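Participant: Enclosed is the structure file input-v6.cif (mmCIF, C-alpha atoms and all ligand atoms; chains and numbers go by the auth columns).
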```
data_start
#
loop_
_atom_site.group_PDB
_atom_site.id
_atom_site.type_symbol
_atom_site.label_atom_id
_atom_site.label_comp_id
_atom_site.label_asym_id
_atom_site.label_seq_id
_atom_site.Cartn_x
_atom_site.Cartn_y
_atom_site.Cartn_z
_atom_site.B_iso_or_equiv
_atom_site.auth_seq_id
_atom_site.auth_asym_id
ATOM 1 C CA MET A 1 -13.549 9.910 15.615 0.00 7 A
ATOM 2 C CA ASN A 2 -10.854 10.519 18.238 0.00 8 A
ATOM 3 C CA GLU A 3 -8.400 8.501 20.353 0.00 9 A
ATOM 4 C CA GLN A 4 -11.222 7.399 22.695 0.00 10 A
ATOM 5 C CA LYS A 5 -13.744 6.478 20.013 0.00 11 A
ATOM 6 C CA LEU A 6 -12.500 5.010 16.760 0.00 12 A
ATOM 7 C CA SER A 7 -14.509 4.282 13.611 0.00 13 A
ATOM 8 C CA ASN A 8 -16.007 0.766 13.492 0.00 14 A
ATOM 9 C CA ARG A 9 -13.327 -0.134 10.938 0.00 15 A
ATOM 10 C CA LEU A 10 -10.432 0.897 13.170 0.00 16 A
ATOM 11 C CA THR A 11 -12.100 -0.561 16.279 0.00 17 A
ATOM 12 C CA CYS A 12 -12.251 -3.892 14.492 0.00 18 A
ATOM 13 C CA VAL A 13 -8.552 -3.547 13.568 0.00 19 A
ATOM 14 C CA ALA A 14 -7.626 -2.623 17.168 0.00 20 A
ATOM 15 C CA ASN A 15 -9.523 -5.585 18.590 0.00 21 A
ATOM 16 C CA TYR A 16 -7.038 -7.900 16.893 0.00 22 A
ATOM 17 C CA ILE A 17 -4.068 -6.393 18.783 0.00 23 A
ATOM 18 C CA PRO A 18 -2.946 -8.935 21.414 0.00 24 A
ATOM 19 C CA LYS A 19 -2.942 -7.411 24.927 0.00 25 A
ATOM 20 C CA GLY A 20 0.363 -5.771 25.844 0.00 26 A
ATOM 21 C CA SER A 21 1.776 -5.793 22.298 0.00 27 A
ATOM 22 C CA ARG A 22 4.516 -3.580 20.949 0.00 28 A
ATOM 23 C CA ILE A 23 2.939 -2.252 17.796 0.00 29 A
ATOM 24 C CA ALA A 24 3.933 -0.339 14.683 0.00 30 A
ATOM 25 C CA ASP A 25 1.115 1.475 12.908 0.00 31 A
ATOM 26 C CA ILE A 26 2.389 2.173 9.417 0.00 32 A
ATOM 27 C CA GLY A 27 0.547 5.013 7.684 0.00 33 A
ATOM 28 C CA SER A 28 -0.726 6.280 11.008 0.00 34 A
ATOM 29 C CA ASP A 29 -2.165 9.597 9.760 0.00 35 A
ATOM 30 C CA HIS A 30 -3.789 11.071 12.898 0.00 36 A
ATOM 31 C CA ALA A 31 -2.331 8.375 15.250 0.00 37 A
ATOM 32 C CA TYR A 32 -5.770 7.636 16.712 0.00 38 A
ATOM 33 C CA LEU A 33 -5.206 3.896 16.481 0.00 39 A
ATOM 34 C CA PRO A 34 -1.943 3.762 18.506 0.00 40 A
ATOM 35 C CA CYS A 35 -3.398 6.231 21.053 0.00 41 A
ATOM 36 C CA TYR A 36 -6.507 4.054 21.452 0.00 42 A
ATOM 37 C CA ALA A 37 -4.390 0.875 21.711 0.00 43 A
ATOM 38 C CA ILE A 38 -2.233 2.382 24.477 0.00 44 A
ATOM 39 C CA LEU A 39 -5.163 3.920 26.362 0.00 45 A
ATOM 40 C CA ASN A 40 -6.968 0.564 26.317 0.00 46 A
ATOM 41 C CA GLU A 41 -3.849 -1.390 27.310 0.00 47 A
ATOM 42 C CA MET A 42 -3.846 -3.365 24.081 0.00 48 A
ATOM 43 C CA ALA A 43 -0.354 -2.058 23.399 0.00 49 A
ATOM 44 C CA SER A 44 2.451 -1.173 25.809 0.00 50 A
ATOM 45 C CA PHE A 45 4.503 0.699 23.198 0.00 51 A
ATOM 46 C CA ALA A 46 3.815 1.991 19.699 0.00 52 A
ATOM 47 C CA VAL A 47 5.640 3.415 16.714 0.00 53 A
ATOM 48 C CA ALA A 48 3.416 5.577 14.510 0.00 54 A
ATOM 49 C CA GLY A 49 5.015 5.744 11.062 0.00 55 A
ATOM 50 C CA GLU A 50 4.103 8.297 8.411 0.00 56 A
ATOM 51 C CA VAL A 51 5.583 9.126 5.033 0.00 57 A
ATOM 52 C CA ALA A 52 3.633 12.356 4.390 0.00 58 A
ATOM 53 C CA LYS A 53 4.442 15.591 6.196 0.00 59 A
ATOM 54 C CA GLY A 54 0.855 16.732 6.980 0.00 60 A
ATOM 55 C CA PRO A 55 -0.317 13.421 8.491 0.00 61 A
ATOM 56 C CA PHE A 56 3.050 13.071 10.298 0.00 62 A
ATOM 57 C CA GLU A 57 2.532 16.452 11.946 0.00 63 A
ATOM 58 C CA SER A 58 -1.059 15.678 12.913 0.00 64 A
ATOM 59 C CA ALA A 59 0.100 12.362 14.414 0.00 65 A
ATOM 60 C CA GLN A 60 2.729 14.250 16.434 0.00 66 A
ATOM 61 C CA GLU A 61 0.158 16.801 17.640 0.00 67 A
ATOM 62 C CA GLN A 62 -2.321 14.074 18.561 0.00 68 A
ATOM 63 C CA VAL A 63 0.220 12.108 20.615 0.00 69 A
ATOM 64 C CA ILE A 64 1.282 15.246 22.499 0.00 70 A
ATOM 65 C CA LYS A 65 -2.377 16.231 23.080 0.00 71 A
ATOM 66 C CA ALA A 66 -3.153 12.763 24.455 0.00 72 A
ATOM 67 C CA GLU A 67 -0.022 12.976 26.666 0.00 73 A
ATOM 68 C CA LEU A 68 1.252 9.677 25.286 0.00 74 A
ATOM 69 C CA SER A 69 4.700 10.766 24.070 0.00 75 A
ATOM 70 C CA GLY A 70 6.363 8.365 26.533 0.00 76 A
ATOM 71 C CA LYS A 71 4.666 5.383 24.930 0.00 77 A
ATOM 72 C CA ILE A 72 4.168 6.378 21.291 0.00 78 A
ATOM 73 C CA ASP A 73 7.047 7.381 19.065 0.00 79 A
ATOM 74 C CA VAL A 74 5.899 9.208 15.920 0.00 80 A
ATOM 75 C CA ARG A 75 8.435 8.682 13.153 0.00 81 A
ATOM 76 C CA PHE A 76 8.726 10.096 9.662 0.00 82 A
ATOM 77 C CA GLY A 77 9.624 7.517 7.027 0.00 83 A
ATOM 78 C CA ASP A 78 8.598 5.101 4.314 0.00 84 A
ATOM 79 C CA GLY A 79 6.834 1.925 5.389 0.00 85 A
ATOM 80 C CA LEU A 80 8.709 -0.446 7.698 0.00 86 A
ATOM 81 C CA ALA A 81 11.870 1.704 7.537 0.00 87 A
ATOM 82 C CA VAL A 82 10.723 3.477 10.717 0.00 88 A
ATOM 83 C CA ILE A 83 11.071 0.268 12.788 0.00 89 A
ATOM 84 C CA THR A 84 14.373 -0.594 14.503 0.00 90 A
ATOM 85 C CA THR A 85 15.443 -3.904 16.095 0.00 91 A
ATOM 86 C CA ALA A 86 15.508 -2.206 19.510 0.00 92 A
ATOM 87 C CA ASP A 87 11.764 -1.458 19.210 0.00 93 A
ATOM 88 C CA ALA A 88 11.058 -5.221 19.451 0.00 94 A
ATOM 89 C CA ILE A 89 7.831 -4.728 17.541 0.00 95 A
ATOM 90 C CA ASP A 90 5.654 -7.851 17.598 0.00 96 A
ATOM 91 C CA THR A 91 2.521 -6.552 15.877 0.00 97 A
ATOM 92 C CA VAL A 92 2.325 -4.445 12.719 0.00 98 A
ATOM 93 C CA VAL A 93 -0.840 -2.654 11.631 0.00 99 A
ATOM 94 C CA ILE A 94 -1.232 -1.288 8.112 0.00 100 A
ATOM 95 C CA ALA A 95 -4.723 0.053 7.473 0.00 101 A
ATOM 96 C CA GLY A 96 -6.600 2.210 5.000 0.00 102 A
ATOM 97 C CA MET A 97 -4.473 1.632 1.902 0.00 103 A
ATOM 98 C CA GLY A 98 -4.804 -0.488 -1.222 0.00 104 A
ATOM 99 C CA GLY A 99 -3.669 -4.116 -1.129 0.00 105 A
ATOM 100 C CA THR A 100 -0.938 -3.385 -3.688 0.00 106 A
ATOM 101 C CA LEU A 101 0.582 -0.622 -1.547 0.00 107 A
ATOM 102 C CA ILE A 102 0.415 -2.755 1.603 0.00 108 A
ATOM 103 C CA ARG A 103 2.174 -5.564 -0.246 0.00 109 A
ATOM 104 C CA THR A 104 4.828 -3.162 -1.556 0.00 110 A
ATOM 105 C CA ILE A 105 5.470 -1.954 2.001 0.00 111 A
ATOM 106 C CA LEU A 106 5.824 -5.545 3.277 0.00 112 A
ATOM 107 C CA GLU A 107 8.107 -6.544 0.399 0.00 113 A
ATOM 108 C CA ALA A 108 10.369 -3.499 0.630 0.00 114 A
ATOM 109 C CA GLU A 109 12.000 -4.508 3.919 0.00 115 A
ATOM 110 C CA PRO A 110 11.196 -8.108 4.849 0.00 116 A
ATOM 111 C CA GLN A 111 14.001 -8.169 7.473 0.00 117 A
ATOM 112 C CA LYS A 112 11.963 -5.702 9.547 0.00 118 A
ATOM 113 C CA LEU A 113 9.421 -8.463 10.123 0.00 119 A
ATOM 114 C CA THR A 114 11.880 -10.740 11.968 0.00 120 A
ATOM 115 C CA SER A 115 10.473 -10.056 15.455 0.00 121 A
ATOM 116 C CA VAL A 116 6.921 -9.585 14.208 0.00 122 A
ATOM 117 C CA LYS A 117 4.437 -12.281 15.160 0.00 123 A
ATOM 118 C CA ARG A 118 1.215 -10.728 13.912 0.00 124 A
ATOM 119 C CA LEU A 119 0.167 -8.509 11.017 0.00 125 A
ATOM 120 C CA ILE A 120 -3.200 -6.757 11.061 0.00 126 A
ATOM 121 C CA LEU A 121 -3.840 -5.492 7.560 0.00 127 A
ATOM 122 C CA GLN A 122 -6.840 -3.592 6.292 0.00 128 A
ATOM 123 C CA PRO A 123 -6.694 -3.207 2.521 0.00 129 A
ATOM 124 C CA ASN A 124 -9.356 -0.939 0.996 0.00 130 A
ATOM 125 C CA ILE A 125 -9.158 -2.953 -2.230 0.00 131 A
ATOM 126 C CA GLY A 126 -7.187 -5.906 -3.612 0.00 132 A
ATOM 127 C CA ALA A 127 -7.023 -8.062 -0.468 0.00 133 A
ATOM 128 C CA TRP A 128 -5.909 -10.983 -2.682 0.00 134 A
ATOM 129 C CA GLN A 129 -2.512 -9.274 -3.004 0.00 135 A
ATOM 130 C CA ILE A 130 -1.966 -9.809 0.721 0.00 136 A
ATOM 131 C CA ARG A 131 -3.114 -13.424 0.690 0.00 137 A
ATOM 132 C CA GLU A 132 -0.720 -14.115 -2.187 0.00 138 A
ATOM 133 C CA TRP A 133 2.106 -12.309 -0.339 0.00 139 A
ATOM 134 C CA ALA A 134 1.402 -14.472 2.743 0.00 140 A
ATOM 135 C CA GLU A 135 1.777 -17.672 0.714 0.00 141 A
ATOM 136 C CA ASN A 136 5.251 -16.574 -0.391 0.00 142 A
ATOM 137 C CA ASN A 137 6.451 -15.208 2.933 0.00 143 A
ATOM 138 C CA TYR A 138 5.664 -17.728 5.666 0.00 144 A
ATOM 139 C CA PHE A 139 2.655 -15.927 7.075 0.00 145 A
ATOM 140 C CA LYS A 140 -0.805 -17.483 7.299 0.00 146 A
ATOM 141 C CA LEU A 141 -4.238 -16.005 7.800 0.00 147 A
ATOM 142 C CA ILE A 142 -5.626 -16.662 11.258 0.00 148 A
ATOM 143 C CA SER A 143 -8.742 -14.522 10.957 0.00 149 A
ATOM 144 C CA GLU A 144 -10.592 -12.206 8.590 0.00 150 A
ATOM 145 C CA ALA A 145 -13.405 -9.722 9.016 0.00 151 A
ATOM 146 C CA ILE A 146 -15.563 -7.766 6.614 0.00 152 A
ATOM 147 C CA LEU A 147 -17.664 -4.758 7.535 0.00 153 A
ATOM 148 C CA ARG A 148 -19.507 -1.873 6.004 0.00 154 A
ATOM 149 C CA GLU A 149 -19.177 1.714 7.173 0.00 155 A
ATOM 150 C CA ASP A 150 -19.953 5.036 5.473 0.00 156 A
ATOM 151 C CA ASN A 151 -21.093 3.219 2.326 0.00 157 A
ATOM 152 C CA LYS A 152 -17.771 1.435 1.939 0.00 158 A
ATOM 153 C CA THR A 153 -16.850 -2.192 2.472 0.00 159 A
ATOM 154 C CA TYR A 154 -13.680 -3.005 4.381 0.00 160 A
ATOM 155 C CA GLU A 155 -11.804 -6.261 4.809 0.00 161 A
ATOM 156 C CA ILE A 156 -9.461 -6.899 7.731 0.00 162 A
ATOM 157 C CA LEU A 157 -6.874 -9.659 7.427 0.00 163 A
ATOM 158 C CA VAL A 158 -4.995 -10.999 10.437 0.00 164 A
ATOM 159 C CA LEU A 159 -1.850 -13.001 9.774 0.00 165 A
ATOM 160 C CA GLU A 160 0.695 -14.790 11.906 0.00 166 A
ATOM 161 C CA LYS A 161 4.064 -16.329 11.176 0.00 167 A
ATOM 162 C CA THR A 162 4.033 -19.956 10.109 0.00 168 A
ATOM 163 C CA GLU A 163 6.752 -22.536 9.544 0.00 169 A
ATOM 164 C CA ARG A 164 4.888 -24.237 6.727 0.00 170 A
ATOM 165 C CA ALA A 165 4.025 -21.997 3.800 0.00 171 A
ATOM 166 C CA ALA A 166 0.281 -21.362 3.551 0.00 172 A
ATOM 167 C CA ARG A 167 -1.484 -22.402 0.350 0.00 173 A
ATOM 168 C CA TYR A 168 -4.822 -21.008 -0.747 0.00 174 A
ATOM 169 C CA THR A 169 -7.052 -22.023 -3.627 0.00 175 A
ATOM 170 C CA ASP A 170 -7.866 -19.384 -6.266 0.00 176 A
ATOM 171 C CA LYS A 171 -11.245 -18.939 -4.603 0.00 177 A
ATOM 172 C CA GLU A 172 -9.732 -18.528 -1.139 0.00 178 A
ATOM 173 C CA ARG A 173 -7.110 -16.094 -2.408 0.00 179 A
ATOM 174 C CA LEU A 174 -9.696 -13.875 -4.072 0.00 180 A
ATOM 175 C CA LEU A 175 -12.474 -14.004 -1.507 0.00 181 A
ATOM 176 C CA GLY A 176 -10.718 -14.981 1.720 0.00 182 A
ATOM 177 C CA PRO A 177 -10.806 -18.449 3.331 0.00 183 A
ATOM 178 C CA PHE A 178 -12.512 -17.276 6.529 0.00 184 A
ATOM 179 C CA LEU A 179 -14.876 -14.811 4.834 0.00 185 A
ATOM 180 C CA LEU A 180 -15.824 -17.503 2.339 0.00 186 A
ATOM 181 C CA THR A 181 -16.801 -19.880 5.109 0.00 187 A
ATOM 182 C CA GLU A 182 -18.786 -17.271 7.017 0.00 188 A
ATOM 183 C CA LYS A 183 -20.375 -15.786 3.853 0.00 189 A
ATOM 184 C CA ASN A 184 -22.173 -13.015 5.769 0.00 190 A
ATOM 185 C CA ASP A 185 -24.489 -10.382 4.253 0.00 191 A
ATOM 186 C CA VAL A 186 -21.719 -7.798 3.738 0.00 192 A
ATOM 187 C CA PHE A 187 -19.606 -10.389 1.941 0.00 193 A
ATOM 188 C CA VAL A 188 -22.488 -11.457 -0.322 0.00 194 A
ATOM 189 C CA ALA A 189 -23.371 -7.830 -1.169 0.00 195 A
ATOM 190 C CA LYS A 190 -19.733 -6.988 -1.935 0.00 196 A
ATOM 191 C CA TRP A 191 -19.276 -9.867 -4.350 0.00 197 A
ATOM 192 C CA GLN A 192 -22.692 -9.404 -5.979 0.00 198 A
ATOM 193 C CA HIS A 193 -21.629 -5.844 -6.719 0.00 199 A
ATOM 194 C CA GLU A 194 -18.205 -6.918 -8.068 0.00 200 A
ATOM 195 C CA LEU A 195 -19.849 -9.616 -10.169 0.00 201 A
ATOM 196 C CA ALA A 196 -22.288 -7.174 -11.800 0.00 202 A
ATOM 197 C CA ASN A 197 -19.377 -4.825 -12.492 0.00 203 A
ATOM 198 C CA TRP A 198 -17.239 -7.527 -14.126 0.00 204 A
ATOM 199 C CA GLN A 199 -20.202 -8.783 -16.177 0.00 205 A
ATOM 200 C CA ARG A 200 -20.721 -5.230 -17.492 0.00 206 A
ATOM 201 C CA ILE A 201 -17.030 -4.971 -18.433 0.00 207 A
ATOM 202 C CA VAL A 202 -17.070 -8.364 -20.173 0.00 208 A
ATOM 203 C CA ALA A 203 -20.163 -7.339 -22.177 0.00 209 A
ATOM 204 C CA GLY A 204 -18.327 -4.160 -23.201 0.00 210 A
ATOM 205 C CA LEU A 205 -15.242 -6.139 -24.236 0.00 211 A
ATOM 206 C CA GLN A 206 -17.367 -8.553 -26.266 0.00 212 A
ATOM 207 C CA ASN A 207 -18.817 -5.634 -28.204 0.00 213 A
ATOM 208 C CA GLY A 208 -15.471 -3.865 -28.557 0.00 214 A
ATOM 209 C CA GLN A 209 -12.451 -4.281 -30.813 0.00 215 A
ATOM 210 C CA GLU A 210 -10.614 -7.586 -30.800 0.00 216 A
ATOM 211 C CA SER A 211 -7.125 -7.315 -29.322 0.00 217 A
ATOM 212 C CA GLU A 212 -4.741 -9.489 -27.351 0.00 218 A
ATOM 213 C CA GLN A 213 -5.084 -7.154 -24.383 0.00 219 A
ATOM 214 C CA ASN A 214 -8.899 -7.371 -24.448 0.00 220 A
ATOM 215 C CA ALA A 215 -8.755 -11.151 -24.800 0.00 221 A
ATOM 216 C CA ASP A 216 -6.465 -11.419 -21.732 0.00 222 A
ATOM 217 C CA LYS A 217 -8.709 -9.121 -19.706 0.00 223 A
ATOM 218 C CA MET A 218 -11.772 -11.127 -20.742 0.00 224 A
ATOM 219 C CA LYS A 219 -10.097 -14.393 -19.759 0.00 225 A
ATOM 220 C CA GLU A 220 -9.124 -13.017 -16.348 0.00 226 A
ATOM 221 C CA LEU A 221 -12.593 -11.605 -15.666 0.00 227 A
ATOM 222 C CA THR A 222 -14.370 -14.731 -16.910 0.00 228 A
ATOM 223 C CA LYS A 223 -12.362 -16.820 -14.458 0.00 229 A
ATOM 224 C CA LYS A 224 -13.167 -14.487 -11.578 0.00 230 A
ATOM 225 C CA ILE A 225 -16.855 -14.396 -12.548 0.00 231 A
ATOM 226 C CA GLN A 226 -16.956 -18.198 -12.514 0.00 232 A
ATOM 227 C CA LEU A 227 -15.317 -18.361 -9.069 0.00 233 A
ATOM 228 C CA VAL A 228 -17.657 -15.799 -7.548 0.00 234 A
ATOM 229 C CA GLU A 229 -20.773 -17.272 -9.194 0.00 235 A
ATOM 230 C CA GLU A 230 -19.924 -20.650 -7.675 0.00 236 A
ATOM 231 C CA VAL A 231 -19.707 -19.071 -4.235 0.00 237 A
ATOM 232 C CA LEU A 232 -22.875 -17.003 -4.513 0.00 238 A
ATOM 233 C CA LYS A 233 -25.142 -19.637 -6.037 0.00 239 A
HETATM 234 N N1 LIG B . -4.086 4.072 8.899 0.00 1 B
HETATM 235 C C1 LIG B . -5.040 5.172 8.964 0.00 1 B
HETATM 236 C C2 LIG B . -6.447 4.658 8.877 0.00 1 B
HETATM 237 O O1 LIG B . -6.616 3.475 8.546 0.00 1 B
HETATM 238 O O2 LIG B . -7.371 5.430 9.107 0.00 1 B
HETATM 239 C C3 LIG B . -4.761 6.182 7.857 0.00 1 B
HETATM 240 C C4 LIG B . -5.148 5.752 6.484 0.00 1 B
HETATM 241 S S1 LIG B . -4.715 6.969 5.299 0.00 1 B
HETATM 242 C C5 LIG B . -5.912 6.723 4.071 0.00 1 B
HETATM 243 C C6 LIG B . -3.238 6.294 4.625 0.00 1 B
HETATM 244 C C7 LIG B . -2.004 6.915 5.269 0.00 1 B
HETATM 245 O O3 LIG B . -0.882 6.116 4.933 0.00 1 B
HETATM 246 C C8 LIG B . -1.730 8.311 4.782 0.00 1 B
HETATM 247 O O4 LIG B . -1.581 9.168 5.885 0.00 1 B
HETATM 248 C C9 LIG B . -0.445 8.168 3.985 0.00 1 B
HETATM 249 O O5 LIG B . 0.388 9.300 4.067 0.00 1 B
HETATM 250 C C10 LIG B . 0.203 6.963 4.643 0.00 1 B
HETATM 251 N N2 LIG B . 1.137 6.205 3.800 0.00 1 B
HETATM 252 C C11 LIG B . 0.993 5.855 2.511 0.00 1 B
HETATM 253 N N3 LIG B . 2.062 5.168 2.085 0.00 1 B
HETATM 254 C C12 LIG B . 2.904 5.064 3.135 0.00 1 B
HETATM 255 C C13 LIG B . 4.187 4.482 3.328 0.00 1 B
HETATM 256 N N4 LIG B . 4.822 3.876 2.326 0.00 1 B
HETATM 257 N N5 LIG B . 4.761 4.569 4.547 0.00 1 B
HETATM 258 C C14 LIG B . 4.133 5.190 5.555 0.00 1 B
HETATM 259 N N6 LIG B . 2.936 5.785 5.435 0.00 1 B
HETATM 260 C C15 LIG B . 2.326 5.726 4.239 0.00 1 B
#
```
If you convert what's in this file into structure tokens, what do you get?

Facilitator:
Amino acid sequence: MNEQKLSNRLTCVANYIPKGSRIADIGSDHAYLPCYAILNEMASFAVAGEVAKGPFESAQEQVIKAELSGKIDVRFGDGLAVITTADAIDTVVIAGMGGTLIRTILEAEPQKLTSVKRLILQPNIGAWQIREWAENNYFKLISEAILREDNKTYEILVLEKTERAARYTDKERLLGPFLLTEKNDVFVAKWQHELANWQRIVAGLQNGQESEQNADKMKELTKKIQLVEEVLK
């Protein structure tokens, strides 16, 4: 992978950037995504934010190597803290982290999302956290994608601001309203795998010691199993 040729996962993320956007890539690591977005005229300006020193330095080196320092500002900092009002960022990308961490980043500084029209989020796990965050923060899903690469399954969630709070059913929140409708092979394989895993855990809990904690876990998993079985049948 380099700034000219991204992984399929990051290409899919980049394809959701509206042409000419001003983007912030939070957790930019090697800064390939902002470089690619500028080189392909998807973005006109980018902030590449990084909280870890090593990835921050490799992002800096990459931007200098690609001769894009005039259009990409690499900034060291936690989450959305790297964005200023003057940047007029309209599109935020957060990819390659867990859903819980992405949600924490979004919740830490909601005022930084004032000028933002679109969020392109790629949680490695726990996408439901983002759908639930959207319901509480006047963002709605406008598209979702699921793909498999290097033996891993990735979900990409695209959200835009909305005046009316979005509401999702339990099934939609867990599996994704768009993914649920499309129900492609990657989606089916992912949830078959999750289902088998949960069924194994429930069997273990049934044979284990009785406790309030185990009972709660069993209740939660049984509900999820029921939702997913309904979808896969
Ligand atoms: N976004 C790239 C991608 O999708 O390939 C890099 C993903 S990498 C697994 C996650 C990166 O996010 C790491 O470089 C990590 O240092 C950075 N990161 C984690 N938490 C962060 C935060 N709160 N603010 C900024 N960067 C963060």

Participant: Write as a PDB file with C-alpha atoms, keeping the file's coordinate frame the residues around ligand LIG 1 (chain B), taking 10 Å as the cut-off and counting all atoms listed in the file.

Facilitator:
```
ATOM      1  CA  LEU A  12     -12.500   5.010  16.760  1.00  0.00           C
ATOM      2  CA  SER A  13     -14.509   4.282  13.611  1.00  0.00           C
ATOM      3  CA  ARG A  15     -13.327  -0.134  10.938  1.00  0.00           C
ATOM      4  CA  LEU A  16     -10.432   0.897  13.170  1.00  0.00           C
ATOM      5  CA  VAL A  19      -8.552  -3.547  13.568  1.00  0.00           C
ATOM      6  CA  ASP A  31       1.115   1.475  12.908  1.00  0.00           C
ATOM      7  CA  ILE A  32       2.389   2.173   9.417  1.00  0.00           C
ATOM      8  CA  GLY A  33       0.547   5.013   7.684  1.00  0.00           C
ATOM      9  CA  SER A  34      -0.726   6.280  11.008  1.00  0.00           C
ATOM     10  CA  ASP A  35      -2.165   9.597   9.760  1.00  0.00           C
ATOM     11  CA  HIS A  36      -3.789  11.071  12.898  1.00  0.00           C
ATOM     12  CA  ALA A  37      -2.331   8.375  15.250  1.00  0.00           C
ATOM     13  CA  TYR A  38      -5.770   7.636  16.712  1.00  0.00           C
ATOM     14  CA  LEU A  39      -5.206   3.896  16.481  1.00  0.00           C
ATOM     15  CA  PRO A  40      -1.943   3.762  18.506  1.00  0.00           C
ATOM     16  CA  ALA A  54       3.416   5.577  14.510  1.00  0.00           C
ATOM     17  CA  GLY A  55       5.015   5.744  11.062  1.00  0.00           C
ATOM     18  CA  GLU A  56       4.103   8.297   8.411  1.00  0.00           C
ATOM     19  CA  VAL A  57       5.583   9.126   5.033  1.00  0.00           C
ATOM     20  CA  ALA A  58       3.633  12.356   4.390  1.00  0.00           C
ATOM     21  CA  LYS A  59       4.442  15.591   6.196  1.00  0.00           C
ATOM     22  CA  GLY A  60       0.855  16.732   6.980  1.00  0.00           C
ATOM     23  CA  PRO A  61      -0.317  13.421   8.491  1.00  0.00           C
ATOM     24  CA  PHE A  62       3.050  13.071  10.298  1.00  0.00           C
ATOM     25  CA  SER A  64      -1.059  15.678  12.913  1.00  0.00           C
ATOM     26  CA  ALA A  65       0.100  12.362  14.414  1.00  0.00           C
ATOM     27  CA  ARG A  81       8.435   8.682  13.153  1.00  0.00           C
ATOM     28  CA  PHE A  82       8.726  10.096   9.662  1.00  0.00           C
ATOM     29  CA  GLY A  83       9.624   7.517   7.027  1.00  0.00           C
ATOM     30  CA  ASP A  84       8.598   5.101   4.314  1.00  0.00           C
ATOM     31  CA  GLY A  85       6.834   1.925   5.389  1.00  0.00           C
ATOM     32  CA  LEU A  86       8.709  -0.446   7.698  1.00  0.00           C
ATOM     33  CA  ALA A  87      11.870   1.704   7.537  1.00  0.00           C
ATOM     34  CA  VAL A  88      10.723   3.477  10.717  1.00  0.00           C
ATOM     35  CA  VAL A  99      -0.840  -2.654  11.631  1.00  0.00           C
ATOM     36  CA  ILE A 100      -1.232  -1.288   8.112  1.00  0.00           C
ATOM     37  CA  ALA A 101      -4.723   0.053   7.473  1.00  0.00           C
ATOM     38  CA  GLY A 102      -6.600   2.210   5.000  1.00  0.00           C
ATOM     39  CA  MET A 103      -4.473   1.632   1.902  1.00  0.00           C
ATOM     40  CA  GLY A 104      -4.804  -0.488  -1.222  1.00  0.00           C
ATOM     41  CA  LEU A 107       0.582  -0.622  -1.547  1.00  0.00           C
ATOM     42  CA  ILE A 108       0.415  -2.755   1.603  1.00  0.00           C
ATOM     43  CA  THR A 110       4.828  -3.162  -1.556  1.00  0.00           C
ATOM     44  CA  ILE A 111       5.470  -1.954   2.001  1.00  0.00           C
ATOM     45  CA  LEU A 112       5.824  -5.545   3.277  1.00  0.00           C
ATOM     46  CA  ALA A 114      10.369  -3.499   0.630  1.00  0.00           C
ATOM     47  CA  LEU A 127      -3.840  -5.492   7.560  1.00  0.00           C
ATOM     48  CA  GLN A 128      -6.840  -3.592   6.292  1.00  0.00           C
ATOM     49  CA  PRO A 129      -6.694  -3.207   2.521  1.00  0.00           C
ATOM     50  CA  ASN A 130      -9.356  -0.939   0.996  1.00  0.00           C
TER      51      ASN A 130
END
```

Participant: What residues come out when you apply the PyMOL selection byres (((chain A and resi 141-154) around 10) and not hetatm) to this file, written as a PyMOL selection string?

Facilitator: chain A and resi 14-15+18-19+22+112-113+116+123-128+136-140+155-174+179+182-186+188-193+196

Participant: On this file, the PyMOL selection byres (((chain A and resi 180) around 9) and not hetatm) gives some set of residues; write that set as a ChimeraX atom specification.

Facilitator: /A:132-135,137,175-179,181-183,230,233-234

Participant: Report the distance between CA of Asn21 (chain A) and CA of Leu238 (chain A) in Å, rounded to one decimal place.

Facilitator: 29.0 Å

Participant: Here is a test: counting all atoms listed in the file, which residue of A:Gln10, A:Ala43, A:Leu74, A:Glu235 is nearest to Ile23 (chain A)?

Facilitator: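 Looking at the shortest contact to Ile23 (chain A), the residue is A:Ala43.
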
Participant: In Å, rounded to a single decimal, give me how far CA of Ala30 (chain A) is from CA of Glu67 (chain A).

Facilitator: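 Calculated distance between CA of Glu67 (chain A) and CA of Ala30 (chain A) is 17.8 Å.
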
Participant: Tell me, in Å to one decimal, how far CA of Val208 (chain A) is from CA of Met224 (chain A).

Facilitator: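 If I compute the distance from CA of Val208 (chain A) to CA of Met224 (chain A), I get 6.0 Å.
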
Participant: Pick the closest to Ala202 (chain A) from A:Thr17, A:Leu227, A:Ser217, A:Asp79: which is it, counting only C-alpha atoms?

Facilitator: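 Ranking A:Thr17, A:Leu227, A:Ser217, A:Asp79 by distance to Ala202 (chain A), first place goes to A:Leu227.
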
Participant: Please determine, counting only C-alpha atoms, which residue among A:Ile70, A:Glu236, A:Thr228, A:Thr97 has the shortest atom-to-atom distance to Lys25 (chain A).

Facilitator: A:Thr97

Participant: Quick one: residues within 7 Å of Ser27 (chain A), only C-alpha atoms counted, chain neighbours fewer than 5 positions away excluded, as a PyMOL selection string?

Facilitator: chain A and resi 48-50+96-97

Participant: Give me the box for region 58-72 of chain A as AutoDock Vina command-line options, namely the centre and edge lengths in Å to one decimal of a box along x, y and z that holds every listed atom plus 3 Å on each side.

Facilitator:
```
--center_x 0.6 --center_y 14.5 --center_z 14.4 --size_x 13.6 --size_y 10.7 --size_z 26.1
```

Participant: Taking all atoms listed in the file into account, name the residue in A:Ile29, A:Asn8, A:Glu47, A:Asp93 that is nearest to Val69 (chain A).

Facilitator: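 Of the candidates, the smallest distance to Val69 (chain A) is held by A:Asn8.
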
Participant: When you count only C-alpha atoms, which of these residues is closest to Val194 (chain A): A:Val237, A:Val80, A:Asn46, A:Thr120?

Facilitator: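 The answer is A:Val237, which sits nearest to Val194 (chain A).
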